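Note: the block below is protein.txt and it holds compact mmCIF, C-alpha atoms.
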# COMPACT_ATOMS: atom_id res chain seq x y z
CA MET A 1 41.35 83.92 93.05
CA THR A 2 38.88 81.01 93.15
CA TYR A 3 35.11 81.40 92.88
CA TYR A 4 34.51 80.70 96.56
CA GLU A 5 37.40 82.82 97.76
CA GLU A 6 36.02 85.81 95.86
CA LYS A 7 32.42 85.25 96.99
CA PHE A 8 33.23 84.88 100.68
CA GLN A 9 35.46 87.93 100.62
CA TRP A 10 32.53 89.86 99.16
CA ILE A 11 30.26 88.47 101.88
CA SER A 12 32.75 89.60 104.52
CA GLU A 13 32.83 93.08 103.01
CA HIS A 14 29.04 93.25 102.89
CA ILE A 15 28.72 92.14 106.52
CA GLN A 16 31.12 94.89 107.55
CA LEU A 17 28.75 97.28 105.77
CA ASN A 18 25.89 95.95 107.94
CA CYS A 19 24.53 93.93 104.99
CA ASP A 20 23.07 97.11 103.52
CA PRO A 21 20.27 95.82 101.24
CA ASN A 22 20.49 98.92 99.06
CA ASN A 23 24.10 98.20 98.09
CA LYS A 24 23.71 96.65 94.62
CA ASP A 25 27.35 95.52 94.55
CA TYR A 26 26.36 92.52 96.66
CA ALA A 27 22.88 91.87 95.31
CA GLY A 28 23.70 88.63 93.47
CA ILE A 29 25.30 86.72 96.33
CA ASN A 30 23.50 83.73 97.86
CA LYS A 31 22.47 84.44 101.44
CA GLY A 32 22.70 80.76 102.42
CA HIS A 33 25.70 78.39 102.21
CA ILE A 34 26.23 74.83 103.41
CA ILE A 35 29.46 73.11 104.45
CA VAL A 36 29.09 69.34 104.34
CA ASP A 37 31.26 66.24 103.83
CA ASP A 38 34.12 68.04 105.55
CA GLU A 39 35.59 65.35 107.83
CA ASN A 40 39.05 66.93 107.90
CA GLY A 41 37.76 70.49 108.36
CA VAL A 42 39.48 71.86 105.25
CA LYS A 43 36.37 73.52 103.79
CA LEU A 44 35.45 75.23 107.06
CA ALA A 45 39.01 76.46 107.61
CA LEU A 46 39.15 77.99 104.14
CA VAL A 47 35.72 79.60 104.41
CA LYS A 48 36.65 81.15 107.75
CA LYS A 49 39.90 82.42 106.25
CA TRP A 50 38.13 83.99 103.26
CA LEU A 51 35.47 85.53 105.51
CA ASN A 52 38.12 86.97 107.83
CA TYR A 53 36.00 85.19 110.43
CA ASN A 54 37.98 86.18 113.51
CA ASN A 55 37.69 89.84 112.61
CA LEU A 56 33.94 89.53 112.04
CA SER A 57 33.61 87.82 115.42
CA THR A 58 35.58 90.57 117.12
CA LEU A 59 33.25 93.12 115.53
CA GLY A 60 30.25 91.24 116.96
CA LYS A 61 29.06 90.26 113.50
CA VAL A 62 28.80 86.49 114.09
CA HIS A 63 26.28 84.49 116.09
CA GLU A 64 26.55 80.69 116.34
CA ILE A 65 23.99 78.15 117.45
CA THR A 66 24.13 74.35 117.57
CA ILE A 67 21.25 72.10 116.56
CA ASP A 68 21.93 68.79 118.30
CA LYS A 69 19.91 66.11 120.09
CA SER A 70 18.73 68.68 122.63
CA TRP A 71 16.52 70.10 119.87
CA ASP A 72 14.39 66.94 119.67
CA THR A 73 11.86 68.47 122.04
CA PHE A 74 11.43 71.44 119.67
CA PHE A 75 10.67 69.19 116.68
CA ARG A 76 7.14 68.44 117.85
CA ARG A 77 3.70 69.93 117.80
CA THR A 78 2.21 71.00 121.12
CA GLU A 79 -1.20 69.97 122.43
CA ALA A 80 -2.35 73.58 122.46
CA HIS A 81 -1.21 74.12 118.86
CA LYS A 82 -1.47 70.85 116.97
CA ASN A 83 -1.20 72.67 113.64
CA ASN A 84 1.43 75.17 114.69
CA HIS A 85 4.16 74.16 112.24
CA TYR A 86 6.60 73.52 115.11
CA LEU A 87 6.57 76.98 116.64
CA GLU A 88 9.26 76.24 119.24
CA CYS A 89 11.74 75.36 116.48
CA TRP A 90 10.71 78.45 114.51
CA ASN A 91 11.00 80.79 117.50
CA LYS A 92 14.49 79.56 118.35
CA LEU A 93 15.63 80.18 114.75
CA VAL A 94 13.96 83.61 114.64
CA THR A 95 15.63 84.65 117.90
CA ALA A 96 19.02 83.45 116.62
CA ALA A 97 18.51 85.38 113.38
CA TYR A 98 17.56 88.50 115.34
CA LYS A 99 20.83 88.28 117.24
CA ALA A 100 22.78 87.73 113.99
CA ASN A 101 20.98 90.38 111.94
CA HIS A 102 23.24 92.48 109.68
CA GLY A 103 25.87 89.77 110.15
CA LEU A 104 26.48 86.03 109.91
CA LEU A 105 24.31 83.33 111.47
CA VAL A 106 26.26 80.08 111.84
CA ILE A 107 24.18 76.96 112.48
CA ASN A 108 26.16 73.88 113.49
CA ILE A 109 24.00 70.83 112.73
CA SER A 110 24.49 67.37 114.20
CA ASN A 111 20.76 66.50 114.36
CA ILE A 112 19.46 65.50 110.92
CA LYS A 113 15.86 66.02 112.07
CA ILE A 114 16.18 69.74 111.33
CA PHE A 115 15.82 68.83 107.66
CA GLU A 116 12.20 67.88 108.33
CA HIS A 117 11.81 71.65 108.72
CA CYS A 118 13.22 72.90 105.42
CA TRP A 119 10.59 75.62 105.26
CA HIS A 120 12.03 77.15 108.42
CA LEU A 121 15.60 77.05 107.10
CA LYS A 122 14.46 78.39 103.74
CA GLN A 123 12.96 81.52 105.30
CA LEU A 124 16.32 82.46 106.85
CA ALA A 125 17.97 82.69 103.43
CA LYS A 126 14.99 83.65 101.25
CA GLN A 127 14.35 86.89 103.17
CA GLU A 128 11.07 87.65 101.44
CA ARG A 129 9.25 89.18 104.41
CA GLU A 130 9.53 90.05 108.11
CA MET A 131 10.09 87.13 110.48
CA PRO A 132 7.91 87.26 113.62
CA LEU A 133 7.85 85.06 116.70
CA TRP A 134 4.79 82.83 116.91
CA PRO A 135 2.43 82.83 119.94
CA LYS A 136 2.92 79.88 122.28
CA TYR A 137 0.22 80.18 124.93
CA SER A 138 -2.76 81.18 122.81
CA TYR A 139 -3.41 81.60 119.08
CA ASP A 140 -3.06 85.37 119.22
CA PHE A 141 -0.76 87.63 121.23
CA ASP A 142 -3.73 89.94 121.85
CA TYR A 143 -5.23 87.30 124.13
CA TYR A 144 -2.13 86.91 126.31
CA THR A 145 -2.55 87.33 130.03
CA GLN A 146 0.11 89.06 132.12
CA ASP A 147 1.37 85.63 133.17
CA ASP A 148 1.54 84.57 129.51
CA ILE A 149 3.58 87.67 128.66
CA LYS A 150 5.96 87.07 131.55
CA GLU A 151 6.48 83.43 130.59
CA PHE A 152 6.89 84.24 126.89
CA ARG A 153 9.45 86.94 127.66
CA GLU A 154 11.43 84.54 129.86
CA ASP A 155 11.40 81.85 127.14
CA THR A 156 12.47 84.36 124.48
CA GLU A 157 15.29 85.77 126.61
CA LYS A 158 16.49 82.23 127.28
CA ASP A 159 16.75 81.66 123.52
CA TYR A 160 18.30 85.09 123.02
CA GLY A 161 20.87 84.59 125.76
CA GLY A 162 20.30 87.88 127.57
CA ARG A 163 17.87 90.62 128.48
CA LEU A 164 15.63 92.18 125.85
CA THR A 165 14.33 95.72 125.98
CA PRO A 166 10.56 96.17 125.58
CA GLU A 167 11.27 97.61 122.13
CA GLN A 168 13.29 94.55 121.10
CA LEU A 169 10.60 92.17 122.32
CA VAL A 170 7.93 94.07 120.39
CA GLU A 171 10.13 93.99 117.27
CA LEU A 172 10.50 90.22 117.60
CA ILE A 173 6.76 89.77 118.08
CA GLU A 174 5.79 92.06 115.20
CA GLY A 175 8.51 90.71 112.93
CA PHE A 176 11.82 92.02 111.61
CA MET A 177 13.56 91.82 108.25
CA PHE A 178 16.57 89.51 108.51
CA ASP A 179 19.25 90.59 106.03
CA GLY A 180 22.23 88.58 107.27
CA TYR A 181 24.00 85.56 105.82
CA VAL A 182 23.45 81.96 106.91
CA LEU A 183 26.13 79.27 107.08
CA LEU A 184 24.97 75.71 107.80
CA ILE A 185 27.78 73.41 108.99
CA LEU A 186 26.89 69.72 109.01
CA ASP A 187 28.79 67.71 111.61
CA GLY A 188 28.85 63.94 111.16
CA ILE A 189 26.06 64.02 108.57
CA LYS A 190 26.85 63.28 104.92
CA TRP A 191 25.03 65.03 102.10
CA ASP A 192 23.76 61.73 100.69
CA GLU A 193 22.25 61.00 104.12
CA VAL A 194 20.42 64.33 104.05
CA LYS A 195 18.97 63.61 100.61
CA GLU A 196 17.80 60.15 101.67
CA TYR A 197 16.33 61.53 104.89
CA VAL A 198 14.24 64.21 103.20
CA LYS A 199 12.88 61.67 100.70
CA LYS A 200 11.44 59.72 103.62
CA HIS A 201 10.17 62.60 105.75
CA LEU A 202 9.22 65.51 103.49
CA GLU A 203 6.67 66.17 100.80
CA SER A 204 8.14 66.37 97.32
CA GLY A 205 9.69 69.72 96.49
CA GLU A 206 10.20 71.15 100.00
CA PHE A 207 13.92 70.38 100.09
CA ASP A 208 14.43 71.60 96.51
CA ALA A 209 12.62 74.83 97.41
CA MET A 210 15.03 75.37 100.31
CA MET A 211 18.04 74.68 98.11
CA GLN A 212 17.08 77.50 95.77
CA PHE A 213 18.46 79.80 98.48
CA TYR A 214 21.45 77.78 99.68
CA ARG A 215 24.64 76.86 97.90
CA ARG A 216 26.44 73.69 98.92
CA ILE A 217 30.18 74.31 99.00
CA SER A 218 31.94 71.80 96.79
CA PHE A 219 35.48 72.41 95.62
CA GLU A 220 34.94 69.90 92.83
CA GLU A 221 32.87 72.38 90.77
Before anything else, please render the file you have as structure tokens.
Amino acid sequence: MTYYEEKFQWISEHIQLNCDPNNKDYAGINKGHIIVDDENGVKLALVKKWLNYNNLSTLGKVHEITIDKSWDTFFRRTEAHKNNHYLECWNKLVTAAYKANHGLLVINISNIKIFEHCWHLKQLAKQEREMPLWPKYSYDFDYYTQDDIKEFREDTEKDYGGRLTPEQLVELIEGFMFDGYVLLILDGIKWDEVKEYVKKHLESGEFDAMMQFYRRISFEE
């Protein structure tokens, strides 16, 4: 059994156990993995086979999102929050993670601009603290009007893809501990292109900090 085959089978087992953080048998496994330079789809096919991906999907343990050109509008600061660290991008990732919690979050990436936001991606795999939604209409949820709450709920449910109970919305606002696994799949973007892009657009060390929590899948190791 190869290194990757063994690791992804363990990940599949752990997901079926709801990613129980107290189960020390799975404590040493990276929470983040990246499939890149996979033009013929061989790496993805093998990873899905080792994960028993179809079974996990049937069990409702997989949630997929796609970061494409439509995300350009989320990679910007708003006038109301010029120093908000791109809250719309963050809130979409948090909502996706909430839906994938105790399972597998698959992020299909065809928009290289997401790598200007390595801190956001890092938090998904680092799992050091609760992940809350960020306020959009004022600097503090306590100052929301009823109209603000209504609009925020509608925006959040749009990202979530369905209705949220009041308890779920409160949990998202207050923050939840994401314990699932993250699989980044780069589509049409080469790894060398990513490295060159982050050199131009990020401060030194941000990308390296993210990569402490992700493992790039390379069968040449």
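The residue that comes closest to Gly188 (chain A), out of A:Asn108, A:Asp208, A:Glu128, A:Ala97 and on the basis of only C-alpha atoms, is A:Asn108.
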Work out how far CA of Asp179 (chain A) is from CA of Arg163 (chain A), in Å to one decimal.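 Between CA of Arg163 (chain A) and CA of Asp179 (chain A) the gap is 22.5 Å.
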Taking every listed atom of region 128-138 of chain A and adding 4 Å to each side, what centre and edge lengths in Å (one decimal) does the axis-aligned box have, as lines of an AutoDock Vina configuration file?
center_x = 4.2
center_y = 85.0
center_z = 113.2
size_x = 21.8
size_y = 18.2
size_z = 31.5
Contacts between region 39-56 of chain A and region 74-138 of chain A, please, where a residue of region 74-138 of chain A counts if it comes within 12 Å (with only C-alpha atoms); show its shortest atom pair and distance in Å to one decimal, rows by chain and ascending number, as JSON lines.
{"residue": "A:Ala100", "atom": "CA", "partner": "A:Leu56", "partner_atom": "CA", "distance": 11.5}
{"residue": "A:His102", "atom": "CA", "partner": "A:Leu56", "partner_atom": "CA", "distance": 11.3}
{"residue": "A:Gly103", "atom": "CA", "partner": "A:Leu56", "partner_atom": "CA", "distance": 8.3}
{"residue": "A:Leu104", "atom": "CA", "partner": "A:Leu56", "partner_atom": "CA", "distance": 8.5}
{"residue": "A:Leu105", "atom": "CA", "partner": "A:Leu56", "partner_atom": "CA", "distance": 11.5}
{"residue": "A:Val106", "atom": "CA", "partner": "A:Tyr53", "partner_atom": "CA", "distance": 11.1}
{"residue": "A:Asn108", "atom": "CA", "partner": "A:Leu44", "partner_atom": "CA", "distance": 11.4}
Could you give me, as a PyMOL selection string, the residues that have an atom at most 12 Å away from the point (28.0, 74.7, 99.8) in the coordinates of the file, using all atoms listed in the file? chain A and resi 3-4+7-8+30-38+43-44+47+182-186+191+211-221
Å distance separating CA of Ala27 (chain A) from CA of Phe178 (chain A), one decimal place: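 Taking CA of Ala27 (chain A) as the start and CA of Phe178 (chain A) as the end point, the length is 14.8 Å.
If only C-alpha atoms are the atoms counted, then among A:Glu130, A:Asp187, A:Asp140, A:Asp148 the closest residue to Ile107 (chain A) is A:Asp187.
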